[in-house]
Amino acid sequence: MERDLLEWIGIVPLLPLIGAAVLMLFGRRIGAPLAGWIATALMGLAFLWSLVMLVAILSLPENARSVTSVAFTWIQVDQLQIDFGFLADPLSITWILLVTGVGSLIFLYSIGYMRGDPNFSRFFAYMSLFAGSMLLLVTGSSYLLTFLGWEGVGLCSYLLIAFWFERSSAAIAGKKAFITNRVGDVGFLIAMFILIKEFGTLDYGATGAAASSASSTIVTAVALLLLLAAVGKSAQIPLFPWLTDAMEGPTPVSALIHAATMVTAGVYLIARAHPFFDASGDGLEVVAWVGVLTALLAGGAALLQPDIKRVLAYSTISQLGYMFLALGVKAYTAAVFMVLMHAFFKGCLFLGAGSVIHGNAENQDIRIMGRFRRFLPYTAIGMTIAWLAIAGVPPFAGFWAKDEILESAFIAGDYGIWVLGLLAAIFTGLYMTRLIQLVFYGNERFRDDSPAVTADALPAVSGGSDDDAGGAGGSDAGGAGSLDAAVDPADMPDALGYDPDFLPTVDFTEPTPRASRLHGHDPHESPVIMLIPILVLATLSIFGGLINLPLKGLDFLDQFLEPVFRGVTQPAPDSFAEGLSLEGIAVVLALIGIGIGLLLYRKGLRNAAKDPIVDHTGNLAPVLGHAYYVDDAQAAFFDGPGRATAEFLDEDVDQKVIDGGVNGMARLVRGAGGGLRHAQDGLVRRYALGILLGAVAILLFLLVYVGR
Amino acid sequence: MGPIIGALEITPSYYLVLAAMLFTIGTVGVLVRRNVIVMFMGVELMLNAVNLTFVAFAKALNDIAGQVLVFFTLVVAAAEVAVGLAIIVAIFRRRRGATADDLKVLEG
């Protein structure tokens with residue numbers, strides 16, 4: 001009975017996909033806000049069905065908790081058969097609960113956030129397609145079906161990041177996300193080719209069973225190629241710049257990408273393909289180091305960002321690094337736990353950031369915010385909770401997950417990784433404290449006449465940089481024109497003598513479709529429809545840790561996922577005391593980070609142009625602000641050698657060799673035709689002779705060769 | 001085997017030889033004559049030569065299929081005659097006289 005029910009897991013991805021189809025076909029006629037409600041309702045239904053799946057699987061005995069259902073045979077070539085099948089097991093059900101649960105909250109929020117957008121229904125069509133693809137990714141029973149969802153997610157990220165494509169920066173960011181993901185996809189594809197060649201199947205169960213007996217070269221190759229795929233999708237070093245540029249999309253998209261879908265796909269893939277990583281020690285080692293370096297370096301880069309969404313973007317990269325770290329030390333359950341907790345607090349943070357941006361006339365520069373808790377009290381409560389959760393303060397959600405990961409690294413004996421991970425925990429505390437303090441607490445810096453923006457050393461009050469963006473902002477404010485230019489977020493770095501060197505590489509000089517600056521009035525709280533998801537996620541950020549307490553009998557997630565990772569010895573503390581002391585160290589370091597942050601930013605910024613973190617990081621400031629110039633290096637590489645190669649291929653290889661070949665062929669055919677056409681002289685009797693000779697030739701052939 | 005006329009037994013090869021001769025005459029007619037109507041008659045001769053072989057084999061092998069095929073050939077030949085003569089008439093109307101070698105507008 002329960003098994004029959006679990007065979008219907010395919011309904012979960014189907015519901016949002018139906019929503020996407022309906023909205024794409026009839027969206028314009030349905031109109032706002034009904035289109036949003038339809039999409040949200042379908043996501044909600046998918047969530048309810050996921051809950052049914054959860055109940056169904058819990059009522060099965062542990063050994064039977066893996067149900068594969070085949071809808072139809074998709075591909076049949078020679079020996080290779082690939083079914084369009086769904087896999088219901090604890091891992092996929094955990095993920096569908098996450099995607100549909102957090103997803104429906106984000107959908108609900110988007111109804112409020114996107115109100116008034118001319119492309120309201122198109123937005124929800126893409127969002128539904130996004131969620132549907134992600135659900136397909138996690139419910140597929142083979143690598144190929146996962147790849148289908150994988151590509152769908154990549155496509156939708158492009159569509160949504162470039163949603164406001166009137167802005168060239170958004171269009172470019174969309175393309176960047178798409179192309180970067182293609183790099184990872186190459187790894188996925190080659191890994192699948194190897195699997196087909198070696199095992200003749202792409203089915204998760206069959207390949208997983210065969211992994212342990214395969215040669216170590218094959219296993220390591222598959223593991224590293226899948227890691228490449230995961231690195232692209234989950235924005236790990238070195239393929240991370242797309243995720244920060246993805247901030248060009250509407251904020252709910254950022255929330256969906258970061259919290260519920262997309263970036264966690266890499267973690268899912270590795271967890272799903274864990275037999276290959278288990279069998280390949282080298283592969284695991286690489287995963288752990290990629291993870292910890294990403295966690296550390298992205299945490300460093302997050303310290304200096306002036307843009308609220310960019311801080312959160314680097315934060316996501318850093319937290320994903322922790323998840324990879326966990327995967328790399330075989331702490332698969334800890335990684336899944338982190339994915340869930342991260343979805344709660346990062347979803348809350350992004351939706352909160354959207355609320356801040358929404359209530360602050362699209363301004364995203366945290367240096368000119370401050371004390372917003374007075375104006376956005378509920379957003380402030382939600383984001384403050386999420387701050388404590390992500391920083392790892394007990395007993396909030398992030399503490400349980402992150403400390404379990406660091407603990408696992410220590411117990412696994414990877415002390416180097418452990419130390420770097422702890423360092424990243426300090427960064428986490430610091431950058432999140434900076435963000436929250438600058439936005440919600442401290443002094444007010446958003447008014448045109450706030451002391452912090454008009455303080456000493458403001459050369460631009462003379463109007464020296466009153467260019468296009470600033471001028472447009474100033475025109476409706478009358479005499480305040482030059483002052484506006486001085487504090488306009490776009491102009492601020494130049495205007496205030498701020499070192500433009502560590503500006504983010506994508507600037508925000510081009511106004512968003514709805515952009516304007518607050519003039520004279522205060523920021524305002526968002527509507528209830530946007531606050532509900534924030535507060536629900538904040539609540540989950542408080543209590544989420546309860547699903548996996550490090551005590552026997554209370555580690556529900558460990559027990560639930562146990563059948564998936566059976567046979568893997570996940571690192572666990574020998575005693576409760578050992579676990580406690582390890583967690584104590586992590587908590588102390590997180591508190592140190594928060595303490596430094598409070599020390600620096602508790603009173604806000606005395607001068608919006610002088611961020612103390614810049615002075616304290618000294619020469620490192622531009623490096624961190626630029627995220628180690630990875631983006632610039634990649635740009636330079638592709639603009640230099642990359643462009644040269646492309647030009648060589650275009651001018652020499654394509655135009656000369658390939659075009660030469662094609663044109664040569666055409667010339668040959670034309671010449672031959674010119675010669676042969678004289679044979680067609682119009683004399684019917686000669687044609688008849690030709691036919692006769694041909695018939696005779698065939699007869700002779702039959703007589704001589706066949707007739708014998 | 002075959003019917004006996006005097007001391008001569010008419011075996012199938014007689015019919016086949018006759019058919020071969022008729023076919024050759026028809027072929028030569030098509031190839032050497034320039035008058036379209038005569039060429040047309042040559043084609044008819046070739047068709048009927050083939051019909052003769054069909055009937056001869058049908059009789060010799062005691063298989064009705066050969067005779068059935070003759071009906072098909074006759075139908076096709078009738079259709080061909082209808083179309084062919086129509087074309088010839090059209091040519092006559094246009095250019096008084098129907099010499100095959102003059103009709104070479106479509107040369108390459």
# chains A, B, ... in the order shown; residues from 1 in each chain; ligands from 1
call {"tool": "residues_around", "arguments": {"residues": "region 89-101 of chain B", "least_positions_apart": "6", "cutoff": "12 Å", "atoms": "only C-alpha atoms", "output": "list in words"}}
result
Asp681, Gly682, Leu683, Val684, Arg685, Arg686, Tyr687 and Ala688 of chain A; Val30, Leu31, Val32, Arg33, Arg34, Asn35, Val36, Ile37, Val38, Met39, Phe40, Val81, Ala82, Val83 and Glu107 of chain B
call {"tool": "write_last_selection", "arguments": {"atoms": "N, CA and C atoms", "output": "PDB file, in the first residue's frame"}}
result
ATOM      1  N   ASP A 681      21.603  15.666 -74.297  1.00  0.00           N
ATOM      2  CA  ASP A 681      21.567  16.478 -75.505  1.00  0.00           C
ATOM      3  C   ASP A 681      20.167  16.633 -76.072  1.00  0.00           C
ATOM      4  N   GLY A 682      19.181  16.088 -75.389  1.00  0.00           N
ATOM      5  CA  GLY A 682      17.814  16.291 -75.845  1.00  0.00           C
ATOM      6  C   GLY A 682      17.338  15.309 -76.890  1.00  0.00           C
ATOM      7  N   LEU A 683      18.196  14.410 -77.357  1.00  0.00           N
ATOM      8  CA  LEU A 683      17.784  13.430 -78.375  1.00  0.00           C
ATOM      9  C   LEU A 683      17.165  12.220 -77.687  1.00  0.00           C
ATOM     10  N   VAL A 684      15.860  12.071 -77.840  1.00  0.00           N
ATOM     11  CA  VAL A 684      15.146  11.007 -77.134  1.00  0.00           C
ATOM     12  C   VAL A 684      15.702   9.651 -77.497  1.00  0.00           C
ATOM     13  N   ARG A 685      16.078   9.486 -78.747  1.00  0.00           N
ATOM     14  CA  ARG A 685      16.520   8.157 -79.189  1.00  0.00           C
ATOM     15  C   ARG A 685      17.826   7.780 -78.516  1.00  0.00           C
ATOM     16  N   ARG A 686      18.657   8.798 -78.228  1.00  0.00           N
ATOM     17  CA  ARG A 686      19.901   8.467 -77.549  1.00  0.00           C
ATOM     18  C   ARG A 686      19.624   8.063 -76.101  1.00  0.00           C
ATOM     19  N   TYR A 687      18.650   8.720 -75.495  1.00  0.00           N
ATOM     20  CA  TYR A 687      18.269   8.308 -74.145  1.00  0.00           C
ATOM     21  C   TYR A 687      17.782   6.869 -74.173  1.00  0.00           C
ATOM     22  N   ALA A 688      16.971   6.563 -75.147  1.00  0.00           N
ATOM     23  CA  ALA A 688      16.446   5.203 -75.254  1.00  0.00           C
ATOM     24  C   ALA A 688      17.585   4.202 -75.378  1.00  0.00           C
TER      25      ALA A 688
ATOM     26  N   VAL B  30      12.446   1.726 -82.302  1.00  0.00           N
ATOM     27  CA  VAL B  30      12.506   2.902 -81.436  1.00  0.00           C
ATOM     28  C   VAL B  30      13.810   3.658 -81.655  1.00  0.00           C
ATOM     29  N   LEU B  31      14.882   2.884 -81.799  1.00  0.00           N
ATOM     30  CA  LEU B  31      16.187   3.533 -81.838  1.00  0.00           C
ATOM     31  C   LEU B  31      16.490   4.190 -83.183  1.00  0.00           C
ATOM     32  N   VAL B  32      16.060   3.607 -84.269  1.00  0.00           N
ATOM     33  CA  VAL B  32      16.516   4.124 -85.570  1.00  0.00           C
ATOM     34  C   VAL B  32      15.496   5.029 -86.251  1.00  0.00           C
ATOM     35  N   ARG B  33      14.218   4.866 -85.951  1.00  0.00           N
ATOM     36  CA  ARG B  33      13.240   5.702 -86.647  1.00  0.00           C
ATOM     37  C   ARG B  33      13.093   7.035 -85.949  1.00  0.00           C
ATOM     38  N   ARG B  34      12.865   8.104 -86.789  1.00  0.00           N
ATOM     39  CA  ARG B  34      12.723   9.423 -86.197  1.00  0.00           C
ATOM     40  C   ARG B  34      11.275   9.858 -86.070  1.00  0.00           C
ATOM     41  N   ASN B  35      10.410   9.187 -86.791  1.00  0.00           N
ATOM     42  CA  ASN B  35       9.000   9.532 -86.713  1.00  0.00           C
ATOM     43  C   ASN B  35       8.446   9.040 -85.382  1.00  0.00           C
ATOM     44  N   VAL B  36       7.845   9.950 -84.621  1.00  0.00           N
ATOM     45  CA  VAL B  36       7.420   9.604 -83.274  1.00  0.00           C
ATOM     46  C   VAL B  36       6.370   8.512 -83.288  1.00  0.00           C
ATOM     47  N   ILE B  37       5.493   8.544 -84.302  1.00  0.00           N
ATOM     48  CA  ILE B  37       4.444   7.533 -84.339  1.00  0.00           C
ATOM     49  C   ILE B  37       5.031   6.154 -84.561  1.00  0.00           C
ATOM     50  N   VAL B  38       6.016   6.083 -85.421  1.00  0.00           N
ATOM     51  CA  VAL B  38       6.645   4.783 -85.651  1.00  0.00           C
ATOM     52  C   VAL B  38       7.387   4.315 -84.403  1.00  0.00           C
ATOM     53  N   MET B  39       8.045   5.242 -83.743  1.00  0.00           N
ATOM     54  CA  MET B  39       8.718   4.880 -82.494  1.00  0.00           C
ATOM     55  C   MET B  39       7.713   4.321 -81.497  1.00  0.00           C
ATOM     56  N   PHE B  40       6.556   4.945 -81.507  1.00  0.00           N
ATOM     57  CA  PHE B  40       5.497   4.525 -80.621  1.00  0.00           C
ATOM     58  C   PHE B  40       5.071   3.105 -80.919  1.00  0.00           C
ATOM     59  N   VAL B  81      -0.883   4.566 -74.330  1.00  0.00           N
ATOM     60  CA  VAL B  81      -1.306   4.950 -75.678  1.00  0.00           C
ATOM     61  C   VAL B  81      -2.128   6.222 -75.618  1.00  0.00           C
ATOM     62  N   ALA B  82      -3.043   6.279 -74.661  1.00  0.00           N
ATOM     63  CA  ALA B  82      -3.899   7.455 -74.558  1.00  0.00           C
ATOM     64  C   ALA B  82      -3.076   8.708 -74.347  1.00  0.00           C
ATOM     65  N   VAL B  83      -2.167   8.633 -73.370  1.00  0.00           N
ATOM     66  CA  VAL B  83      -1.349   9.807 -73.069  1.00  0.00           C
ATOM     67  C   VAL B  83      -0.410  10.118 -74.214  1.00  0.00           C
ATOM     68  N   GLU B 107      17.729  20.287 -73.916  1.00  0.00           N
ATOM     69  CA  GLU B 107      19.106  19.770 -73.868  1.00  0.00           C
ATOM     70  C   GLU B 107      19.901  20.492 -72.783  1.00  0.00           C
TER      71      GLU B 107
END
call {"tool": "select_by_dssp", "arguments": {"residues": "region 6-101 of chain B", "states": "alpha helix (DSSP H)", "output": "ChimeraX atom specification"}}
result
/B:12-32,36-61,65-95
call {"tool": "select_by_dssp", "arguments": {"residues": "chain B", "states": "strand (DSSP E)", "output": "PyMOL selection string"}}
result
chain B and resi 4-5+8-9
call {"tool": "residues_around", "arguments": {"residues": "Met21 (chain B)", "least_positions_apart": "3", "cutoff": "12 Å", "atoms": "only C-alpha atoms", "output": "list in words"}}
result
Tyr14, Tyr15, Leu16, Val17, Leu18, Thr24, Ile25, Gly26, Thr27, Val28, Leu45, Met46, Asn48, Ala49, Val50, Leu52 and Thr53 of chain B
call {"tool": "atom_distance", "arguments": {"atom1": "CA of Thr333 (chain A)", "atom2": "CA of Leu561 (chain A)"}}
result
6.9 Å
call {"tool": "residues_around", "arguments": {"residues": "Val253 (chain A)", "least_positions_apart": "5", "cutoff": "12 Å", "atoms": "only C-alpha atoms", "output": "short mmCIF file (atom, residue, chain, number, x, y, z; two decimals) with N, CA and C atoms, in the first residue's frame"}}
result
data_model
loop_
_atom_site.label_atom_id
_atom_site.label_comp_id
_atom_site.auth_asym_id
_atom_site.auth_seq_id
_atom_site.Cartn_x
_atom_site.Cartn_y
_atom_site.Cartn_z
N GLY A 103 10.19 26.57 -1.10
CA GLY A 103 9.75 27.12 -2.39
C GLY A 103 8.39 27.78 -2.28
N ILE A 106 8.64 31.10 -0.70
CA ILE A 106 9.24 32.12 -1.57
C ILE A 106 8.23 32.54 -2.64
N PHE A 107 7.43 31.59 -3.13
CA PHE A 107 6.40 31.93 -4.12
C PHE A 107 5.40 32.92 -3.51
N TYR A 109 5.84 34.94 -1.07
CA TYR A 109 6.52 36.23 -0.90
C TYR A 109 6.59 36.97 -2.22
N SER A 110 6.85 36.22 -3.30
CA SER A 110 7.01 36.87 -4.61
C SER A 110 5.74 37.56 -5.05
N TYR A 113 6.27 40.77 -3.64
CA TYR A 113 7.47 41.47 -4.12
C TYR A 113 7.31 41.91 -5.57
N MET A 114 6.69 41.07 -6.38
CA MET A 114 6.63 41.36 -7.81
C MET A 114 5.37 42.14 -8.19
N PHE A 123 7.12 35.82 -14.74
CA PHE A 123 7.98 35.53 -13.60
C PHE A 123 7.56 34.23 -12.92
N PHE A 124 6.26 34.09 -12.68
CA PHE A 124 5.82 32.89 -11.98
C PHE A 124 5.90 31.65 -12.87
N TYR A 126 8.36 31.09 -14.97
CA TYR A 126 9.75 30.65 -14.86
C TYR A 126 10.03 30.05 -13.49
N MET A 127 9.47 30.69 -12.45
CA MET A 127 9.72 30.17 -11.10
C MET A 127 9.18 28.74 -10.98
N SER A 128 7.98 28.51 -11.54
CA SER A 128 7.41 27.17 -11.46
C SER A 128 8.26 26.17 -12.23
N PHE A 130 11.37 26.42 -12.76
CA PHE A 130 12.58 26.26 -11.94
C PHE A 130 12.35 25.21 -10.86
N ALA A 131 11.28 25.40 -10.09
CA ALA A 131 11.00 24.46 -9.01
C ALA A 131 10.75 23.06 -9.57
N CYS A 156 16.53 27.80 -16.28
CA CYS A 156 15.67 28.73 -15.54
C CYS A 156 16.49 29.76 -14.80
N SER A 157 17.69 29.37 -14.33
CA SER A 157 18.51 30.38 -13.67
C SER A 157 18.85 31.48 -14.67
N TYR A 158 19.12 31.09 -15.89
CA TYR A 158 19.39 32.10 -16.93
C TYR A 158 18.17 32.98 -17.13
N LEU A 159 17.01 32.37 -17.28
CA LEU A 159 15.79 33.14 -17.55
C LEU A 159 15.47 34.10 -16.41
N LEU A 160 15.71 33.63 -15.18
CA LEU A 160 15.29 34.44 -14.04
C LEU A 160 16.33 35.49 -13.66
N ILE A 161 17.61 35.14 -13.75
CA ILE A 161 18.63 36.13 -13.44
C ILE A 161 18.54 37.27 -14.44
N ALA A 162 18.28 36.91 -15.70
CA ALA A 162 18.14 37.94 -16.73
C ALA A 162 16.69 38.38 -16.88
N PHE A 163 15.93 38.27 -15.78
CA PHE A 163 14.50 38.57 -15.90
C PHE A 163 14.28 40.02 -16.29
N TRP A 164 15.06 40.92 -15.67
CA TRP A 164 14.97 42.33 -16.06
C TRP A 164 16.01 42.57 -17.14
N GLY A 174 22.91 36.82 -16.50
CA GLY A 174 22.19 35.60 -16.87
C GLY A 174 23.03 34.71 -17.75
N LEU A 243 27.49 33.28 -9.24
CA LEU A 243 26.47 33.34 -8.19
C LEU A 243 26.34 34.75 -7.63
N ALA A 246 24.58 36.77 -10.06
CA ALA A 246 23.18 36.37 -10.15
C ALA A 246 22.29 37.27 -9.30
N MET A 247 22.91 38.12 -8.49
CA MET A 247 22.12 39.06 -7.68
C MET A 247 21.38 40.07 -8.54
N GLU A 248 21.68 40.09 -9.84
CA GLU A 248 20.98 40.98 -10.75
C GLU A 248 19.51 40.61 -10.90
N HIS A 258 19.40 30.33 -3.93
CA HIS A 258 20.33 30.10 -2.83
C HIS A 258 19.79 29.17 -1.77
N ALA A 259 18.49 29.27 -1.53
CA ALA A 259 17.97 28.55 -0.38
C ALA A 259 17.38 27.21 -0.78
N ALA A 260 16.51 27.22 -1.78
CA ALA A 260 15.72 26.02 -1.99
C ALA A 260 16.22 25.17 -3.15
N THR A 261 16.72 25.79 -4.19
CA THR A 261 17.01 25.00 -5.38
C THR A 261 18.42 25.25 -5.84
N MET A 262 18.72 24.75 -7.00
CA MET A 262 19.92 25.10 -7.76
C MET A 262 21.21 24.78 -7.02
N LYS A 309 22.92 42.26 -1.02
CA LYS A 309 22.73 40.96 -1.64
C LYS A 309 24.05 40.27 -1.93
N GLY A 347 17.16 31.46 3.28
CA GLY A 347 15.89 31.89 2.71
C GLY A 347 15.36 33.10 3.46
N PHE A 350 17.52 36.20 2.62
CA PHE A 350 17.30 36.77 1.29
C PHE A 350 15.94 37.43 1.19
N LEU A 351 14.93 36.78 1.75
CA LEU A 351 13.61 37.40 1.71
C LEU A 351 13.62 38.68 2.52
N GLY A 354 15.23 41.26 0.49
CA GLY A 354 14.27 41.74 -0.49
C GLY A 354 13.33 42.74 0.14
#
call {"tool": "atom_distance", "arguments": {"atom1": "CA of Asp185 (chain A)", "atom2": "CA of Ser133 (chain A)"}}
result
15.4 Å
call {"tool": "residues_around", "arguments": {"residues": "region 139-148 of chain A", "least_positions_apart": "5", "cutoff": "10 Å", "atoms": "only C-alpha atoms", "output": "VMD selection string"}}
result
chain A and resid 9 to 10 12 to 13 67 to 70 74 82 to 89 91 to 93 95 to 96 133 to 134 153 to 154 185 188 to 189 191 to 192 195 201 to 207 265 269 272 to 273
call {"tool": "atom_distance", "arguments": {"atom1": "CA of Ile385 (chain A)", "atom2": "CA of Asn443 (chain A)"}}
result
20.6 Å
call {"tool": "decode", "arguments": {"residues": "region 10-48 of chain B", "atoms": "C-alpha atoms", "output": "mmCIF file, in the first residue's frame"}}
result
data_model
loop_
_atom_site.group_PDB
_atom_site.id
_atom_site.type_symbol
_atom_site.label_atom_id
_atom_site.label_comp_id
_atom_site.auth_asym_id
_atom_site.auth_seq_id
_atom_site.Cartn_x
_atom_site.Cartn_y
_atom_site.Cartn_z
ATOM 1 C CA ILE B 10 6.034 -26.562 -80.315
ATOM 2 C CA THR B 11 8.067 -26.191 -77.140
ATOM 3 C CA PRO B 12 8.125 -22.961 -75.042
ATOM 4 C CA SER B 13 11.406 -21.946 -76.596
ATOM 5 C CA TYR B 14 9.597 -21.302 -79.852
ATOM 6 C CA TYR B 15 7.493 -18.675 -78.196
ATOM 7 C CA LEU B 16 10.485 -17.216 -76.455
ATOM 8 C CA VAL B 17 12.469 -16.949 -79.651
ATOM 9 C CA LEU B 18 9.520 -15.300 -81.344
ATOM 10 C CA ALA B 19 9.161 -12.897 -78.422
ATOM 11 C CA ALA B 20 12.876 -12.075 -78.556
ATOM 12 C CA MET B 21 12.626 -11.346 -82.266
ATOM 13 C CA LEU B 22 9.605 -9.122 -81.784
ATOM 14 C CA PHE B 23 11.323 -7.311 -78.937
ATOM 15 C CA THR B 24 14.438 -6.714 -80.979
ATOM 16 C CA ILE B 25 12.404 -5.416 -83.927
ATOM 17 C CA GLY B 26 10.573 -3.071 -81.596
ATOM 18 C CA THR B 27 13.801 -1.860 -79.992
ATOM 19 C CA VAL B 28 15.478 -1.226 -83.287
ATOM 20 C CA GLY B 29 12.354 0.612 -84.427
ATOM 21 C CA VAL B 30 12.506 2.902 -81.436
ATOM 22 C CA LEU B 31 16.187 3.533 -81.838
ATOM 23 C CA VAL B 32 16.516 4.124 -85.570
ATOM 24 C CA ARG B 33 13.240 5.702 -86.647
ATOM 25 C CA ARG B 34 12.723 9.423 -86.197
ATOM 26 C CA ASN B 35 9.000 9.532 -86.713
ATOM 27 C CA VAL B 36 7.420 9.604 -83.274
ATOM 28 C CA ILE B 37 4.444 7.533 -84.339
ATOM 29 C CA VAL B 38 6.645 4.783 -85.651
ATOM 30 C CA MET B 39 8.718 4.880 -82.494
ATOM 31 C CA PHE B 40 5.497 4.525 -80.621
ATOM 32 C CA MET B 41 4.614 1.456 -82.596
ATOM 33 C CA GLY B 42 8.033 0.058 -81.704
ATOM 34 C CA VAL B 43 7.275 0.493 -78.043
ATOM 35 C CA GLU B 44 3.960 -1.319 -78.495
ATOM 36 C CA LEU B 45 5.785 -4.153 -80.194
ATOM 37 C CA MET B 46 8.200 -4.454 -77.276
ATOM 38 C CA LEU B 47 5.345 -4.517 -74.817
ATOM 39 C CA ASN B 48 3.566 -7.259 -76.691
#
